[in-house]
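A short write-up of the structure that comes next.
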Amino acid sequence: MKHLVLLYLTFLVAVGCTGQTDALPAKAFSAQLAATPNPQLLDVRTPEEFQSGHIDGARMANWNGSEFEAIAPSLDKTKPVFVYCLSGGRSARASKKLKEMGFSTVYDLQGGYLKWEAEGLAGAPQSTVPVGICPQEYGDATKSGKVLVNFYAEWCGPCQKMKPFMERLAAQEGPLKVMRLNADEHKTMVRELKVSELPALFLYQDGKLTWTHTGYISEDELKKHL
C-alpha cells in the first residue's frame with residue numbers, strides 16, 4: 001500500500017513539475033492574451049495561411065517547416081507562450097513540444113483561427129477582395145434544387161477519411177448536387193458562414209439551409225440526412 005502511495009505522489013510531483021498545456025476557448029484565449037504584457041504569440045500555420053489573416057502581434061512559426069524549430073528556443077521559458085493554428089491540430093502538437101522543451105505555461109487556442117474568426121475576434125477582413133467563391137456566387141450555386149456543400153482541407157484527417165465517399169456522391173448523377181470547397185482556398189465563405197470546424201457540411205433545398213454538420217460523419221449516417 002505504501003508503495004502505491006509513493007508511486008502516486010511521485011506522479012503528482014512529476015505532473016506539477018512539467019505543468020500542463022492550457023487549451024482555452026477563443027474568448028478566454030483572447031482575454032488571457034490581452035492580460036499578458038508583451039505576450040509570446042506563435043502562429044504555427046504556413047506562411048500562406050499567416051498572410052491571409054492572423055492574430056495581431058503573432059509571429060509566424062510554421063510547424064510543418066523550419067520556422068518553429070528556429071524560433072522556439074529563442075523564447076523565454078519562464079513566460080507564457082500562446083499558440084494557435086487553423087483548427088487546433090498543429091498547435092496541440094506544438095504546445096506539447098514546448099512543454100517538453102521546458103516552457104512553464106503554454107496556452108493553446110481551442111479550435112484555432114477558425115474559432116477565433118467565428119467568435120468575431122478577427123475584426124474586419126484585412127482585404128475586401130473575396131478569397132475563393134464570393135457570397136453572390138455561393139448563393140446562386142445553392143438557390144435551386146438540393147445542394148450539399150462540403151468544406152474540407154487537405155491537412156484535415158477527418159476530411160481525408162470522408163474524401164472517398166464525398167467524391168463518390170459528387171460524381172453520382174441525380175437530384176443531389178455536391179460542392180466540395182477547400183477551406184484554405186475559399187476563406188471568404190468560411191468567414192461568412194462562421195465555419196469553426198472541419199469538415200463542415202451545409203445542405204440546401206432551393207436556397208434554404210435545411211441541415212448542417214461539423215466534424216466527421218460516416219457515409220451511412222450522412223445518407224440518412226440526404
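Ligands are numbered from 1 in the order shown, residues from 1 within each chain, and chains are lettered A, B, ... in the order they appear in the C-alpha cells.
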
What residues in segment 51-222 of chain A get the DSSP label strand (DSSP E or B)? Please answer as a ChimeraX atom specification. /A:59-60,81-84,106-109,146-152,176-182,200-205,208-214

Serialized selection, N, CA and C atoms, as an mmCIF file, in the first residue's frame:
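The new file again_37.cif reads:
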data_model
loop_
_atom_site.group_PDB
_atom_site.id
_atom_site.type_symbol
_atom_site.label_atom_id
_atom_site.label_comp_id
_atom_site.auth_asym_id
_atom_site.auth_seq_id
_atom_site.Cartn_x
_atom_site.Cartn_y
_atom_site.Cartn_z
ATOM 1 N N ARG A 59 3.793 35.847 -34.262
ATOM 2 C CA ARG A 59 4.962 35.523 -35.075
ATOM 3 C C ARG A 59 4.649 34.243 -35.853
ATOM 4 N N MET A 60 4.988 34.245 -37.130
ATOM 5 C CA MET A 60 4.765 33.058 -37.943
ATOM 6 C C MET A 60 5.839 32.028 -37.618
ATOM 7 N N VAL A 81 3.531 31.217 -23.280
ATOM 8 C CA VAL A 81 3.557 31.183 -24.737
ATOM 9 C C VAL A 81 2.147 30.860 -25.219
ATOM 10 N N PHE A 82 1.666 31.616 -26.190
ATOM 11 C CA PHE A 82 0.353 31.412 -26.770
ATOM 12 C C PHE A 82 0.540 30.812 -28.166
ATOM 13 N N VAL A 83 -0.209 29.758 -28.466
ATOM 14 C CA VAL A 83 -0.023 29.034 -29.732
ATOM 15 C C VAL A 83 -1.365 28.805 -30.416
ATOM 16 N N TYR A 84 -1.389 28.954 -31.729
ATOM 17 C CA TYR A 84 -2.610 28.621 -32.469
ATOM 18 C C TYR A 84 -2.278 28.210 -33.893
ATOM 19 N N VAL A 106 1.905 27.169 -21.350
ATOM 20 C CA VAL A 106 1.580 27.215 -22.775
ATOM 21 C C VAL A 106 0.066 27.253 -22.924
ATOM 22 N N TYR A 107 -0.435 28.249 -23.624
ATOM 23 C CA TYR A 107 -1.870 28.377 -23.895
ATOM 24 C C TYR A 107 -2.135 28.024 -25.354
ATOM 25 N N ASP A 108 -3.024 27.069 -25.581
ATOM 26 C CA ASP A 108 -3.357 26.597 -26.923
ATOM 27 C C ASP A 108 -4.781 27.036 -27.258
ATOM 28 N N LEU A 109 -4.962 27.685 -28.396
ATOM 29 C CA LEU A 109 -6.271 28.171 -28.813
ATOM 30 C C LEU A 109 -7.136 27.019 -29.309
ATOM 31 N N LYS A 146 -31.486 20.475 -54.604
ATOM 32 C CA LYS A 146 -30.832 20.049 -53.359
ATOM 33 C C LYS A 146 -29.322 20.120 -53.560
ATOM 34 N N VAL A 147 -28.665 20.878 -52.698
ATOM 35 C CA VAL A 147 -27.218 21.102 -52.818
ATOM 36 C C VAL A 147 -26.544 20.824 -51.482
ATOM 37 N N LEU A 148 -25.525 19.993 -51.501
ATOM 38 C CA LEU A 148 -24.722 19.713 -50.309
ATOM 39 C C LEU A 148 -23.352 20.354 -50.498
ATOM 40 N N VAL A 149 -23.005 21.275 -49.599
ATOM 41 C CA VAL A 149 -21.701 21.940 -49.649
ATOM 42 C C VAL A 149 -20.799 21.321 -48.590
ATOM 43 N N ASN A 150 -19.608 20.925 -49.012
ATOM 44 C CA ASN A 150 -18.632 20.287 -48.111
ATOM 45 C C ASN A 150 -17.352 21.126 -48.072
ATOM 46 N N PHE A 151 -17.099 21.778 -46.920
ATOM 47 C CA PHE A 151 -15.841 22.482 -46.715
ATOM 48 C C PHE A 151 -14.845 21.498 -46.111
ATOM 49 N N TYR A 152 -13.652 21.438 -46.689
ATOM 50 C CA TYR A 152 -12.651 20.475 -46.247
ATOM 51 C C TYR A 152 -11.269 21.114 -46.341
ATOM 52 N N LEU A 176 -29.231 15.349 -56.306
ATOM 53 C CA LEU A 176 -28.326 15.982 -55.347
ATOM 54 C C LEU A 176 -27.067 16.501 -56.038
ATOM 55 N N LYS A 177 -26.778 17.789 -55.818
ATOM 56 C CA LYS A 177 -25.544 18.381 -56.305
ATOM 57 C C LYS A 177 -24.597 18.536 -55.113
ATOM 58 N N VAL A 178 -23.337 18.120 -55.272
ATOM 59 C CA VAL A 178 -22.352 18.226 -54.191
ATOM 60 C C VAL A 178 -21.258 19.217 -54.592
ATOM 61 N N MET A 179 -21.033 20.215 -53.745
ATOM 62 C CA MET A 179 -19.958 21.186 -53.942
ATOM 63 C C MET A 179 -18.908 20.951 -52.862
ATOM 64 N N ARG A 180 -17.693 20.605 -53.257
ATOM 65 C CA ARG A 180 -16.602 20.427 -52.300
ATOM 66 C C ARG A 180 -15.684 21.646 -52.399
ATOM 67 N N LEU A 181 -15.562 22.393 -51.305
ATOM 68 C CA LEU A 181 -14.780 23.625 -51.297
ATOM 69 C C LEU A 181 -13.627 23.513 -50.309
ATOM 70 N N ASN A 182 -12.426 23.707 -50.818
ATOM 71 C CA ASN A 182 -11.246 23.706 -49.961
ATOM 72 C C ASN A 182 -11.276 24.960 -49.091
ATOM 73 N N ALA A 200 -16.981 20.567 -42.672
ATOM 74 C CA ALA A 200 -18.270 21.208 -42.407
ATOM 75 C C ALA A 200 -19.209 20.935 -43.578
ATOM 76 N N LEU A 201 -20.441 20.581 -43.278
ATOM 77 C CA LEU A 201 -21.438 20.265 -44.295
ATOM 78 C C LEU A 201 -22.635 21.196 -44.168
ATOM 79 N N PHE A 202 -23.118 21.698 -45.312
ATOM 80 C CA PHE A 202 -24.302 22.550 -45.364
ATOM 81 C C PHE A 202 -25.222 21.998 -46.449
ATOM 82 N N LEU A 203 -26.443 21.641 -46.089
ATOM 83 C CA LEU A 203 -27.399 21.093 -47.052
ATOM 84 C C LEU A 203 -28.489 22.131 -47.329
ATOM 85 N N TYR A 204 -28.698 22.408 -48.607
ATOM 86 C CA TYR A 204 -29.684 23.399 -49.028
ATOM 87 C C TYR A 204 -30.760 22.748 -49.889
ATOM 88 N N GLN A 205 -31.980 23.258 -49.765
ATOM 89 C CA GLN A 205 -33.077 22.877 -50.644
ATOM 90 C C GLN A 205 -33.676 24.159 -51.206
ATOM 91 N N LYS A 208 -32.690 27.257 -49.285
ATOM 92 C CA LYS A 208 -32.945 27.264 -47.842
ATOM 93 C C LYS A 208 -32.045 26.240 -47.154
ATOM 94 N N LEU A 209 -31.351 26.690 -46.134
ATOM 95 C CA LEU A 209 -30.479 25.795 -45.371
ATOM 96 C C LEU A 209 -31.338 24.863 -44.523
ATOM 97 N N THR A 210 -31.204 23.560 -44.744
ATOM 98 C CA THR A 210 -32.048 22.593 -44.039
ATOM 99 C C THR A 210 -31.299 21.740 -43.022
ATOM 100 N N TRP A 211 -29.954 21.697 -43.133
ATOM 101 C CA TRP A 211 -29.185 20.848 -42.214
ATOM 102 C C TRP A 211 -27.724 21.242 -42.267
ATOM 103 N N THR A 212 -27.050 21.200 -41.112
ATOM 104 C CA THR A 212 -25.615 21.455 -41.049
ATOM 105 C C THR A 212 -24.949 20.414 -40.149
ATOM 106 N N HIS A 213 -23.670 20.210 -40.387
ATOM 107 C CA HIS A 213 -22.911 19.281 -39.549
ATOM 108 C C HIS A 213 -21.443 19.646 -39.618
ATOM 109 N N THR A 214 -20.746 19.558 -38.472
ATOM 110 C CA THR A 214 -19.304 19.750 -38.454
ATOM 111 C C THR A 214 -18.640 18.531 -37.832
#

Sorted by chain and rising residue number, which residues of segment 49-148 of chain A lie within 12 Å of segment 22-40 of chain A, and what are their closest atom pairs and distances in Å to one decimal, counting only C-alpha atoms, as a tab-separated table?
residue	atom	partner	partner_atom	distance
A:Ile55	CA	A:Ser30	CA	9.7
A:Asp56	CA	A:Leu33	CA	10.6
A:Gly57	CA	A:Pro39	CA	8.3
A:Ala58	CA	A:Gln40	CA	7.7
A:Arg59	CA	A:Gln40	CA	8.2
A:Met60	CA	A:Gln40	CA	11.3
A:Ala61	CA	A:Gln40	CA	11.5
A:Ile71	CA	A:Gln40	CA	10.9
A:Ala72	CA	A:Gln40	CA	10.1
A:Ser74	CA	A:Gln40	CA	10.7
A:Leu75	CA	A:Gln40	CA	7.5
A:Asp76	CA	A:Gln40	CA	8.4
A:Lys77	CA	A:Gln40	CA	10.1
A:Thr78	CA	A:Gln40	CA	11.0
A:Lys79	CA	A:Gln40	CA	7.9
A:Pro80	CA	A:Gln40	CA	6.7
A:Val81	CA	A:Gln40	CA	4.9
A:Phe82	CA	A:Gln40	CA	6.0
A:Val83	CA	A:Gln40	CA	8.5
A:Tyr84	CA	A:Phe29	CA	9.9
A:Ser87	CA	A:Ala26	CA	11.3
A:Gly88	CA	A:Ala23	CA	9.4
A:Gly89	CA	A:Ala23	CA	11.7
A:Ser91	CA	A:Ala23	CA	9.8
A:Ala92	CA	A:Ala23	CA	8.4
A:Arg93	CA	A:Ala23	CA	11.9
A:Ser95	CA	A:Asp22	CA	9.1
A:Lys96	CA	A:Asp22	CA	10.5
A:Lys99	CA	A:Asp22	CA	10.8
A:Phe103	CA	A:Gln40	CA	11.6
A:Ser104	CA	A:Asp22	CA	10.9
A:Thr105	CA	A:Asp22	CA	7.8
A:Val106	CA	A:Asp22	CA	6.2
A:Tyr107	CA	A:Asp22	CA	4.9
A:Asp108	CA	A:Ala23	CA	4.5
A:Leu109	CA	A:Leu24	CA	5.4
A:Gln110	CA	A:Pro25	CA	5.1
A:Gly111	CA	A:Pro25	CA	7.5
A:Gly112	CA	A:Ala26	CA	7.8
A:Tyr113	CA	A:Ala26	CA	8.5
A:Leu114	CA	A:Ala26	CA	9.5
A:Lys115	CA	A:Ala26	CA	6.3
A:Trp116	CA	A:Ala26	CA	5.4
A:Glu117	CA	A:Ala26	CA	9.0
A:Ala118	CA	A:Ala26	CA	9.1
A:Glu119	CA	A:Ala26	CA	7.1
A:Gly120	CA	A:Lys27	CA	9.6
A:Leu121	CA	A:Lys27	CA	7.9
A:Ala122	CA	A:Ser30	CA	10.4

Among segment 16-190 of chain A, which residues does DSSP mark as alpha helix (DSSP H) when it is run on the backbone? Keep the chain and numbering as in the structure and answer as a ChimeraX atom specification. /A:16-18,26-34,47-51,67-71,89-100,112-118,135-141,157-171,187-190

Sorted by chain and rising residue number, which residues of segment 22-66 of chain A lie within 12 Å of segment 187-190 of chain A, and what are their closest atom pairs and distances in Å to one decimal, counting only C-alpha atoms, as CSV?
residue,atom,partner,partner_atom,distance
A:Glu49,CA,A:Lys187,CA,10.0
A:Ser52,CA,A:Lys187,CA,8.5
A:Gly53,CA,A:Lys187,CA,9.7

Who sits within 8 Å of Gly139 of chain A, only C-alpha atoms, same chain under 4 positions skipped, as JSON, numbers by chain: {"A": [135, 143, 207]}
